[in-house]
$ cat query16.txt   # compact mmCIF, C-alpha atoms and all ligand atoms
# COMPACT_ATOMS: atom_id res chain seq x y z
CA MET A 1 0.00 0.00 0.00
CA ALA A 2 1.77 3.12 -1.22
CA THR A 3 -0.18 5.92 0.39
CA ASP A 4 -1.78 6.09 3.81
CA TYR A 5 -4.97 7.91 2.90
CA TYR A 6 -5.98 8.36 6.53
CA ALA A 7 -2.69 10.11 7.25
CA VAL A 8 -3.10 12.29 4.13
CA LEU A 9 -6.39 13.62 5.50
CA GLY A 10 -5.09 13.60 9.04
CA VAL A 11 -7.94 11.49 10.45
CA ARG A 12 -8.02 8.37 12.59
CA ARG A 13 -8.67 5.01 10.97
CA ASP A 14 -12.03 4.83 12.72
CA ALA A 15 -13.08 8.34 11.66
CA SER A 16 -16.73 8.77 10.69
CA GLN A 17 -17.80 9.89 7.21
CA ASP A 18 -18.58 13.24 8.71
CA GLU A 19 -15.10 13.64 10.15
CA ILE A 20 -13.54 12.55 6.86
CA LYS A 21 -15.64 15.06 4.97
CA LYS A 22 -14.77 17.88 7.36
CA ALA A 23 -11.05 17.12 7.20
CA PHE A 24 -11.18 17.05 3.42
CA ARG A 25 -13.04 20.34 3.15
CA ARG A 26 -10.65 22.08 5.48
CA LEU A 27 -7.62 20.88 3.49
CA ALA A 28 -9.24 21.58 0.14
CA ARG A 29 -9.89 25.17 1.13
CA GLU A 30 -6.29 25.54 2.21
CA LEU A 31 -4.59 23.77 -0.68
CA HIS A 32 -6.76 24.57 -3.67
CA PRO A 33 -4.58 25.55 -6.70
CA ASP A 34 -6.51 28.79 -7.13
CA VAL A 35 -5.52 29.80 -3.63
CA ASN A 36 -2.09 28.29 -3.59
CA PRO A 37 -0.49 27.75 -7.03
CA ASP A 38 2.80 26.45 -5.65
CA PRO A 39 3.58 23.07 -7.42
CA LYS A 40 4.27 21.27 -4.14
CA THR A 41 0.91 22.35 -2.78
CA GLN A 42 -0.75 21.18 -5.97
CA GLU A 43 0.79 17.76 -5.50
CA ARG A 44 -0.59 17.68 -1.99
CA PHE A 45 -3.99 18.80 -3.28
CA LYS A 46 -4.06 15.81 -5.65
CA GLU A 47 -3.21 13.56 -2.75
CA ILE A 48 -6.04 14.77 -0.56
CA ASN A 49 -8.45 14.40 -3.48
CA ALA A 50 -7.33 10.85 -4.04
CA ALA A 51 -7.58 10.10 -0.34
CA TYR A 52 -11.04 11.60 -0.15
CA GLU A 53 -12.20 9.78 -3.26
CA VAL A 54 -11.33 6.51 -1.59
CA LEU A 55 -12.39 7.19 1.99
CA SER A 56 -15.71 8.87 1.14
CA ASP A 57 -16.86 5.93 -0.98
CA PRO A 58 -17.86 2.98 1.23
CA GLN A 59 -16.92 0.41 -1.44
CA LYS A 60 -13.53 1.90 -2.23
CA LYS A 61 -12.87 2.41 1.45
CA GLN A 62 -13.57 -1.24 2.10
CA VAL A 63 -11.16 -2.31 -0.65
CA TYR A 64 -8.53 0.00 0.78
CA ASP A 65 -9.09 -1.13 4.37
CA LEU A 66 -8.57 -4.73 3.24
CA GLY A 67 -5.19 -3.80 1.77
CA GLY A 68 -6.05 -3.09 -1.89
CA ASP A 69 -5.69 0.12 -3.83
CA PRO A 70 -9.08 0.94 -5.29
CA LEU A 71 -7.71 3.76 -7.41
CA SER A 72 -5.27 1.63 -9.37
CA ALA A 73 -7.85 -1.12 -9.66
CA SER A 74 -10.57 1.03 -11.17
CA GLY A 75 -8.77 4.04 -12.57
CA GLY A 76 -5.75 2.36 -14.12
CA GLY A 77 -2.71 4.40 -13.25
CA GLY A 78 -3.59 5.98 -9.94
CA GLY A 79 -5.81 8.84 -8.88
CA GLY A 80 -3.17 11.47 -9.17
CA ALA A 81 -2.21 10.64 -12.74
CA GLY A 82 -5.15 12.37 -14.34
CA GLY A 83 -4.41 15.61 -12.60
CA PHE A 84 -6.87 18.10 -11.27
CA GLY A 85 -10.34 17.64 -12.58
CA ALA A 86 -9.81 14.30 -14.26
CA GLY A 87 -11.53 11.25 -12.87
CA PHE A 88 -12.69 13.43 -10.13
CA GLY A 89 -15.91 12.21 -8.57
CA ASN A 90 -16.32 14.82 -5.92
CA PHE A 91 -16.54 18.10 -7.69
CA SER A 92 -19.60 19.12 -5.71
CA ASP A 93 -17.71 18.52 -2.49
CA ILE A 94 -14.97 20.84 -3.74
CA MET A 95 -17.65 23.42 -4.42
CA ASP A 96 -19.09 22.81 -0.99
CA ALA A 97 -15.70 23.35 0.53
CA PHE A 98 -15.63 26.78 -1.01
CA PHE A 99 -19.18 27.84 -0.59
CA GLY A 100 -19.87 26.01 2.62
CA GLN A 101 -23.36 24.92 1.70
CA ALA A 102 -22.97 21.20 1.82
CA SER A 103 -25.73 20.62 4.31
CA GLN A 104 -28.28 22.68 2.38
CA ARG A 105 -27.38 21.24 -0.98
CA GLY A 106 -29.19 18.41 -2.62
CA PRO A 107 -32.72 17.27 -2.00
CA ARG A 108 -33.99 17.30 1.55
CA SER A 109 -35.07 14.06 3.07
CA ARG A 110 -38.75 13.16 3.34
CA THR A 111 -37.89 11.42 6.57
CA ARG A 112 -37.57 13.51 9.71
CA ARG A 113 -37.46 12.78 13.42
CA GLY A 114 -40.83 13.01 15.10
CA GLN A 115 -41.73 15.37 17.92
CA ASP A 116 -41.63 14.63 21.60
CA ALA A 117 -45.00 14.19 23.24
CA MET A 118 -46.17 14.69 26.81
CA ILE A 119 -49.01 13.26 28.79
CA ARG A 120 -50.15 13.92 32.34
CA LEU A 121 -50.64 11.07 34.72
CA GLU A 122 -52.42 11.28 38.07
CA VAL A 123 -51.05 9.24 40.91
CA THR A 124 -52.15 8.91 44.52
CA LEU A 125 -49.87 9.75 47.43
CA ASP A 126 -49.63 6.06 48.12
CA GLU A 127 -48.42 5.36 44.56
CA ALA A 128 -45.95 8.23 44.72
CA THR A 129 -44.57 6.87 47.99
CA PHE A 130 -44.12 3.26 47.03
CA GLY A 131 -43.95 3.41 43.21
CA THR A 132 -46.26 1.56 40.88
CA THR A 133 -46.79 0.37 37.34
CA LYS A 134 -49.55 1.97 35.30
CA GLU A 135 -51.09 1.44 31.93
CA ILE A 136 -51.57 4.60 29.95
CA GLN A 137 -53.30 5.31 26.68
CA VAL A 138 -51.43 7.51 24.26
CA ASP A 139 -52.56 9.01 20.98
CA THR A 140 -49.55 9.58 18.78
CA ALA A 141 -48.53 9.36 15.17
CA VAL A 142 -47.28 5.89 14.29
CA VAL A 143 -45.81 4.52 11.09
CA CYS A 144 -48.48 3.90 8.44
CA THR A 145 -48.57 0.16 7.93
CA THR A 146 -50.19 0.43 4.49
CA CYS A 147 -47.14 2.15 2.94
CA SER A 148 -44.52 1.36 5.62
CA GLY A 149 -43.99 5.07 6.08
CA GLU A 150 -43.03 5.80 2.50
CA GLY A 151 -46.19 7.68 1.64
CA ALA A 152 -46.77 5.98 -1.71
CA ALA A 153 -49.87 3.91 -2.41
CA PRO A 154 -49.21 0.15 -2.39
CA GLY A 155 -47.73 -0.96 -5.73
CA THR A 156 -46.46 2.54 -6.52
CA SER A 157 -43.33 4.35 -5.43
CA ALA A 158 -41.86 7.82 -5.22
CA GLN A 159 -40.33 9.00 -8.47
CA THR A 160 -37.48 11.32 -9.25
CA CYS A 161 -38.86 14.80 -9.80
CA ASP A 162 -38.60 15.70 -13.50
CA MET A 163 -38.52 19.44 -12.91
CA CYS A 164 -35.32 19.44 -10.82
CA ARG A 165 -34.09 15.97 -11.86
CA GLY A 166 -33.92 14.94 -8.24
CA ARG A 167 -31.76 17.84 -7.08
CA GLY A 168 -34.50 19.37 -5.01
CA GLU A 169 -33.74 22.86 -6.24
CA VAL A 170 -34.06 24.75 -9.46
CA SER A 171 -31.64 27.38 -10.75
CA GLN A 172 -32.49 30.40 -12.74
CA VAL A 173 -30.24 32.84 -14.61
CA THR A 174 -31.46 36.38 -14.66
CA ARG A 175 -29.90 39.42 -16.24
CA SER A 176 -29.57 42.47 -14.10
CA PHE A 177 -27.45 45.57 -14.07
CA LEU A 178 -24.92 43.50 -12.07
CA GLY A 179 -24.62 41.09 -14.98
CA GLN A 180 -25.88 37.54 -15.06
CA VAL A 181 -27.02 36.33 -11.69
CA MET A 182 -27.77 32.70 -10.96
CA THR A 183 -30.19 32.00 -8.18
CA SER A 184 -31.48 28.72 -6.91
CA ARG A 185 -34.58 28.00 -4.89
CA PRO A 186 -36.35 24.87 -3.67
CA CYS A 187 -38.05 23.07 -6.52
CA PRO A 188 -41.74 24.09 -6.54
CA GLN A 189 -42.87 20.76 -7.95
CA CYS A 190 -41.37 18.51 -5.28
CA GLN A 191 -40.97 21.11 -2.46
CA GLY A 192 -37.27 20.33 -2.41
CA PHE A 193 -37.60 16.61 -1.78
CA GLY A 194 -36.21 15.64 -5.20
CA THR A 195 -38.93 13.05 -5.55
CA VAL A 196 -42.65 13.19 -6.14
CA VAL A 197 -45.24 10.69 -4.98
CA PRO A 198 -47.65 10.34 -7.92
CA THR A 199 -50.19 8.24 -6.00
CA PRO A 200 -50.18 9.06 -2.30
CA CYS A 201 -51.04 6.30 0.12
CA PRO A 202 -54.80 6.42 0.75
CA GLU A 203 -54.37 5.57 4.43
CA CYS A 204 -52.05 8.41 5.46
CA ALA A 205 -52.49 10.80 2.50
CA GLY A 206 -48.76 10.49 1.78
CA ASP A 207 -47.55 11.56 5.25
CA GLY A 208 -46.20 8.09 6.02
CA ARG A 209 -47.82 8.06 9.46
CA VAL A 210 -51.25 7.82 10.99
CA ARG A 211 -52.63 8.60 14.43
CA SER A 212 -53.22 5.67 16.63
CA ARG A 213 -54.10 4.90 20.23
CA ARG A 214 -51.70 2.64 22.04
CA THR A 215 -51.52 1.27 25.53
CA LEU A 216 -48.17 1.60 27.26
CA THR A 217 -47.02 0.33 30.60
CA VAL A 218 -45.17 2.94 32.63
CA LYS A 219 -43.09 2.18 35.65
CA ILE A 220 -43.49 4.94 38.24
CA PRO A 221 -40.52 4.96 40.62
CA ALA A 222 -41.06 5.50 44.35
CA GLY A 223 -40.61 9.15 45.30
CA VAL A 224 -42.06 10.96 42.28
CA ASP A 225 -43.58 14.35 42.96
CA ASN A 226 -45.84 16.83 41.20
CA GLY A 227 -44.13 17.76 37.96
CA THR A 228 -41.70 14.84 37.85
CA ARG A 229 -41.28 13.77 34.23
CA ILE A 230 -40.59 10.22 33.20
CA GLN A 231 -38.97 9.90 29.80
CA LEU A 232 -39.95 7.02 27.55
CA ALA A 233 -37.41 7.10 24.73
CA GLY A 234 -38.83 6.58 21.25
CA GLU A 235 -42.48 6.49 22.39
CA GLY A 236 -43.35 9.96 21.06
CA GLU A 237 -44.57 10.98 17.63
CA VAL A 238 -43.22 9.15 14.61
CA GLY A 239 -41.74 11.67 12.18
CA PRO A 240 -42.92 12.49 8.65
CA GLY A 241 -41.98 9.84 6.12
CA GLY A 242 -41.82 7.24 8.89
CA GLY A 243 -38.91 9.05 10.58
CA PRO A 244 -37.65 7.99 14.01
CA ALA A 245 -40.06 8.69 16.84
CA GLY A 246 -39.51 11.42 19.42
CA ASP A 247 -39.69 10.71 23.13
CA LEU A 248 -42.75 10.54 25.33
CA TYR A 249 -42.71 12.37 28.66
CA VAL A 250 -45.11 11.32 31.36
CA GLU A 251 -45.67 14.21 33.77
CA ILE A 252 -46.75 13.23 37.25
CA HIS A 253 -49.64 14.94 39.00
CA GLU A 254 -50.26 13.87 42.53
CA LYS A 255 -53.85 13.79 43.74
CA PRO A 256 -54.29 15.59 47.06
CA HIS A 257 -54.62 13.22 50.01
CA THR A 258 -57.54 13.62 52.37
CA VAL A 259 -55.37 13.71 55.50
CA PHE A 260 -51.72 14.21 54.60
CA GLN A 261 -50.13 17.21 53.03
CA ARG A 262 -46.81 16.70 51.35
CA ARG A 263 -43.86 19.09 51.75
CA GLY A 264 -40.88 17.67 49.98
CA ASP A 265 -40.76 14.09 51.18
CA ASP A 266 -42.29 14.85 54.59
CA LEU A 267 -45.98 14.49 55.26
CA HIS A 268 -47.96 16.67 57.65
CA CYS A 269 -51.31 16.30 59.32
CA THR A 270 -53.11 17.79 62.30
CA VAL A 271 -54.87 15.87 65.04
CA THR A 272 -57.35 17.64 67.31
CA ILE A 273 -57.74 16.34 70.85
CA PRO A 274 -59.83 17.58 73.75
CA MET A 275 -58.19 19.56 76.54
CA THR A 276 -58.65 16.71 79.01
CA ALA A 277 -56.84 14.22 76.78
CA ALA A 278 -54.00 16.70 76.23
CA ALA A 279 -53.66 17.00 80.01
CA LEU A 280 -54.02 13.33 80.83
CA GLY A 281 -52.34 11.84 77.77
CA THR A 282 -53.87 9.33 75.35
CA LYS A 283 -53.26 7.19 72.31
CA VAL A 284 -55.03 7.90 69.02
CA PRO A 285 -55.03 5.59 65.99
CA LEU A 286 -53.81 7.08 62.70
CA GLU A 287 -54.02 5.39 59.34
CA THR A 288 -50.58 6.04 57.90
CA LEU A 289 -49.41 4.93 54.45
CA ASP A 290 -47.97 1.88 56.19
CA GLY A 291 -51.13 0.92 58.08
CA ILE A 292 -52.73 1.91 61.37
CA GLU A 293 -50.34 3.28 63.99
CA GLU A 294 -51.02 4.47 67.53
CA ILE A 295 -50.00 8.08 68.07
CA ASP A 296 -48.80 8.53 71.60
CA ILE A 297 -50.07 11.83 73.04
CA ARG A 298 -48.06 12.37 76.17
CA PRO A 299 -49.71 13.82 79.33
CA GLY A 300 -49.35 17.60 79.25
CA THR A 301 -49.16 17.96 75.45
CA GLN A 302 -49.60 21.57 74.33
CA SER A 303 -51.52 22.85 71.35
CA GLY A 304 -49.09 23.33 68.43
CA GLN A 305 -46.75 20.60 69.52
CA SER A 306 -45.74 18.15 66.81
CA ILE A 307 -45.04 14.45 66.95
CA PRO A 308 -42.73 13.10 64.25
CA LEU A 309 -43.01 9.56 62.97
CA HIS A 310 -39.64 8.87 61.38
CA GLN A 311 -39.47 7.14 57.99
CA ARG A 312 -43.24 7.28 57.49
CA GLY A 313 -43.15 9.93 54.76
CA VAL A 314 -42.51 9.66 51.03
CA THR A 315 -39.58 7.67 49.67
CA HIS A 316 -36.67 9.81 48.52
CA LEU A 317 -36.52 9.56 44.73
CA ARG A 318 -32.73 9.41 44.90
CA GLY A 319 -30.70 7.76 47.58
CA GLY A 320 -33.41 5.69 49.24
CA GLY A 321 -34.81 6.21 52.71
CA ARG A 322 -38.00 8.10 53.48
CA GLY A 323 -39.16 11.40 54.85
CA ASP A 324 -41.07 11.77 58.11
CA LEU A 325 -44.73 11.96 58.94
CA VAL A 326 -45.32 14.88 61.29
CA VAL A 327 -48.48 14.95 63.38
CA HIS A 328 -49.35 18.45 64.65
CA VAL A 329 -51.50 18.53 67.78
CA GLU A 330 -54.33 21.00 68.23
CA VAL A 331 -55.91 21.11 71.68
CA ILE A 332 -59.60 21.98 71.76
CA THR A 333 -60.97 23.91 74.72
CA PRO A 334 -64.57 22.91 75.54
CA SER A 335 -66.91 25.78 74.70
CA LYS A 336 -70.17 24.47 76.11
CA LEU A 337 -70.20 23.11 79.65
CA ASP A 338 -73.20 21.74 81.47
CA PRO A 339 -73.54 22.71 85.16
CA GLN A 340 -71.89 19.54 86.43
CA GLN A 341 -68.86 19.90 84.11
CA GLU A 342 -68.52 23.55 85.04
CA ASP A 343 -68.59 22.61 88.69
CA LEU A 344 -65.88 19.98 88.20
CA LEU A 345 -63.66 22.41 86.35
CA ARG A 346 -64.07 25.02 89.08
CA GLN A 347 -63.05 22.41 91.62
CA LEU A 348 -59.99 21.56 89.52
CA ALA A 349 -59.07 25.23 89.20
CA LYS A 350 -59.38 25.62 92.93
CA LEU A 351 -57.18 22.58 93.55
CA ARG A 352 -54.56 23.96 91.15
CA GLY A 353 -54.75 27.47 92.53
CA GLU A 354 -55.88 28.74 89.17
CA GLU A 355 -59.11 30.50 90.15
CA ARG A 356 -57.71 33.94 89.34
CA PRO A 357 -54.62 33.34 87.19
CA MET A 358 -52.45 36.37 86.50
CA GLY A 359 -51.44 35.18 83.06
CA GLU A 360 -47.98 35.60 81.64
CA PHE A 361 -47.41 38.40 79.15
CA LYS A 362 -44.99 38.25 76.21
CA PRO A 363 -44.35 40.73 73.40
CA GLY A 364 -46.18 40.52 70.09
CA GLN A 365 -48.72 38.03 68.93
CA GLN A 366 -46.85 34.84 69.45
CA GLY A 367 -49.61 32.34 68.89
CA LEU A 368 -50.94 34.14 65.83
CA PHE A 369 -47.43 34.71 64.53
CA SER A 370 -46.57 31.06 64.55
CA ARG A 371 -49.86 30.29 62.87
CA LEU A 372 -49.09 32.79 60.11
CA LYS A 373 -45.70 31.23 59.67
CA ASP A 374 -47.35 27.88 59.22
CA ALA A 375 -49.72 29.38 56.68
CA PHE A 376 -46.73 30.60 54.67
CA ASN A 377 -45.20 27.19 54.79
CA GLY A 378 -48.38 25.82 53.30
CA ARG A 379 -49.63 23.97 56.31
ZN ZN B 1 -49.46 5.32 4.22
ZN ZN B 2 -38.24 18.82 -7.95
$ encode --input "query16.txt" --output "structure tokens" --more "lines below"
Ligand SMILES: [Zn+2]
Ligand SMILES: [Zn+2]
Amino acid sequence: MATDYYAVLGVRRDASQDEIKKAFRRLARELHPDVNPDPKTQERFKEINAAYEVLSDPQKKQVYDLGGDPLSASGGGGGGAGGFGAGFGNFSDIMDAFFGQASQRGPRSRTRRGQDAMIRLEVTLDEATFGTTKEIQVDTAVVCTTCSGEGAAPGTSAQTCDMCRGRGEVSQVTRSFLGQVMTSRPCPQCQGFGTVVPTPCPECAGDGRVRSRRTLTVKIPAGVDNGTRIQLAGEGEVGPGGGPAGDLYVEIHEKPHTVFQRRGDDLHCTVTIPMTAAALGTKVPLETLDGIEEIDIRPGTQSGQSIPLHQRGVTHLRGGGRGDLVVHVEVITPSKLDPQQEDLLRQLAKLRGEERPMGEFKPGQQGLFSRLKDAFNGR
């Protein structure tokens, strides 16, 4: 093997077609004889052309990678022998190198990637805490089975556009005071696709996709919250011309719970107990997400006190473990007393020396203030 074509273009042996093309364009711009007429540079220019001719053509590249020289095999005498312009398959790439329009040139593809789609999914607090699997119905564009996404009626196929001969654009020479000006624009007959579909598929009207309702199974991980999005790759809309599908995002909406309010991964609730129970202490049953648990109200519990139940909140989405369940206690003062109850309370007050309490004064509105603070925190 005389020449190392990869070294000539300065690319790795595993370079992609895109990298090869970029390397070639950069060198072509630098070494083109019009820019750089020096004979040595011209020699180099021939070399990069030969290298590109081989490496940009999958068949020639394969021959070369297996140890052959595709240029001497097909051209008879080597790529460089013909000189600039002879046996030169890549003139348009040279033009691209100079005008930098490679990506816009040529017909555009009928196939494009589809859009992402999003659907909302309601979950209960219980499902958010422990995770679940749900079936969802999605309406998205799917590949048309009648035409396999090609858009042509069965038995027919897309044909090369005769107006632009498949180029996807038409050129026009106009005379102006600047001289002859050539302009090109997308071909009006094929909208730039380079092909026309004479008989569109009756099922999808030539779009290559149809809308369809599917059932998907979504795994909801433990710890999701309002607004969490679960990405299902490739489950979105199929693109025009049967192009690859976008992604589907499932956005979680958590239904409010009748008792618990969620703040982060902690849960909060309030239990109201009568004054007597707060003074004497009691146990009250609470149905937590993990089943019924006895809440231990200690003797002498004050209104506003909170009782945390560790690890009874929502699972942390990352890192495992769970938040807490916080039970806030509200003590209710009896507002209607019958004569016997009133008498008993008076006796109690007398026993405790509380018949004419002086009270204890503090600045501000402490009780109200803490309640406002709770309101801000969303309690
Ligand atoms: Zn179709
Ligand atoms: Zn056309």
$ closest_residue --input "query16.txt" --among "A:Gly241, A:Gly10, A:Gly179, A:Gly234" --to "ligand ZN 1 (chain B)" --atoms "all atoms listed in the file"
A:Gly241
$ atom_distance --input "query16.txt" --atom1 "CA of His328 in chain A" --atom2 "CA of Gly291 in chain A"
18.8 Å
$ residues_around --input "query16.txt" --residues "Ile119 in chain A" --least-positions-apart "2" --cutoff "10 Å" --atoms "all atoms listed in the file" --output "mmCIF file with C-alpha atoms, keeping the file's coordinate frame"
data_model
loop_
_atom_site.group_PDB
_atom_site.id
_atom_site.type_symbol
_atom_site.label_atom_id
_atom_site.label_comp_id
_atom_site.auth_asym_id
_atom_site.auth_seq_id
_atom_site.Cartn_x
_atom_site.Cartn_y
_atom_site.Cartn_z
ATOM 1 C CA ALA A 117 -45.000 14.190 23.240
ATOM 2 C CA LEU A 121 -50.640 11.070 34.720
ATOM 3 C CA ILE A 136 -51.570 4.600 29.950
ATOM 4 C CA GLN A 137 -53.300 5.310 26.680
ATOM 5 C CA VAL A 138 -51.430 7.510 24.260
ATOM 6 C CA ASP A 139 -52.560 9.010 20.980
ATOM 7 C CA ARG A 229 -41.280 13.770 34.230
ATOM 8 C CA ILE A 230 -40.590 10.220 33.200
ATOM 9 C CA LEU A 248 -42.750 10.540 25.330
ATOM 10 C CA TYR A 249 -42.710 12.370 28.660
ATOM 11 C CA VAL A 250 -45.110 11.320 31.360
ATOM 12 C CA GLU A 251 -45.670 14.210 33.770
ATOM 13 C CA ILE A 252 -46.750 13.230 37.250
#
$ atom_distance --input "query16.txt" --atom1 "CA of Gly223 in chain A" --atom2 "CA of Val326 in chain A"
17.6 Å
$ atom_distance --input "query16.txt" --atom1 "CA of Gly323 in chain A" --atom2 "CA of His268 in chain A"
10.6 Å
$ residues_around --input "query16.txt" --residues "range 312-318 of chain A" --least-positions-apart "4" --cutoff "6 Å" --atoms "only C-alpha atoms" --output "short mmCIF file (atom, residue, chain, number, x, y, z; two decimals) with C-alpha atoms, in the coordinates of the input"
data_model
loop_
_atom_site.label_atom_id
_atom_site.label_comp_id
_atom_site.auth_asym_id
_atom_site.auth_seq_id
_atom_site.Cartn_x
_atom_site.Cartn_y
_atom_site.Cartn_z
CA THR A 129 -44.57 6.87 47.99
CA ALA A 222 -41.06 5.50 44.35
CA GLY A 223 -40.61 9.15 45.30
CA ASP A 265 -40.76 14.09 51.18
CA ASP A 266 -42.29 14.85 54.59
CA LEU A 267 -45.98 14.49 55.26
CA ARG A 322 -38.00 8.10 53.48
CA GLY A 323 -39.16 11.40 54.85
CA ASP A 324 -41.07 11.77 58.11
CA LEU A 325 -44.73 11.96 58.94
#
$ residues_near_ligand --input "query16.txt" --ligand "ligand ZN 1 (chain B)" --cutoff "7 Å" --atoms "all atoms listed in the file" --output "ChimeraX atom specification"
/A:144-153,201-209
$ axis_aligned_box --input "query16.txt" --around "range 41-44 of chain A" --padding-each-side "5 Å" --output "lines of an AutoDock Vina configuration file"
center_x = 0.1
center_y = 20.0
center_z = -4.0
size_x = 11.7
size_y = 14.7
size_z = 14.0
$ closest_residue --input "query16.txt" --among "A:Glu43, A:Asp18, A:Glu169, A:Asp65" --to "ligand ZN 2 (chain B)" --atoms "all atoms listed in the file"
A:Glu169
$ residues_near_ligand --input "query16.txt" --ligand "ligand ZN 2 (chain B)" --cutoff "8 Å" --atoms "all atoms listed in the file" --output "count of residues only"
22
$ residues_around --input "query16.txt" --residues "Gly304 in chain A" --least-positions-apart "3" --cutoff "8 Å" --atoms "all atoms listed in the file" --output "list in words"
His328, Val329, Glu330 and Val331 of chain A
$ closest_residue --input "query16.txt" --among "A:Val143, A:Met182, A:Ile273, A:Ile48" --to "Thr333 in chain A" --atoms "all atoms listed in the file"
A:Ile273
$ residues_near_point --input "query16.txt" --point "(-50.3, 8.7, 73.3)" --cutoff "9 Å" --atoms "all atoms listed in the file" --output "tab-separated table (two decimals) with C-alpha atoms, keeping the file's coordinate frame"
chain	number	residue	atom	x	y	z
A	281	GLY	CA	-52.34	11.84	77.77
A	282	THR	CA	-53.87	9.33	75.35
A	283	LYS	CA	-53.26	7.19	72.31
A	284	VAL	CA	-55.03	7.90	69.02
A	294	GLU	CA	-51.02	4.47	67.53
A	295	ILE	CA	-50.00	8.08	68.07
A	296	ASP	CA	-48.80	8.53	71.60
A	297	ILE	CA	-50.07	11.83	73.04
A	298	ARG	CA	-48.06	12.37	76.17
A	299	PRO	CA	-49.71	13.82	79.33
$ residues_near_point --input "query16.txt" --point "(-57.7, 11.7, 37.9)" --cutoff "10 Å" --atoms "all atoms listed in the file" --output "list in words"
Arg120, Leu121, Glu122, Val123, Thr124, His253, Glu254 and Lys255 of chain A
$ residues_around --input "query16.txt" --residues "Pro70 in chain A" --least-positions-apart "6" --cutoff "7 Å" --atoms "all atoms listed in the file" --output "list in words"
Lys60, Val63 and Tyr64 of chain A
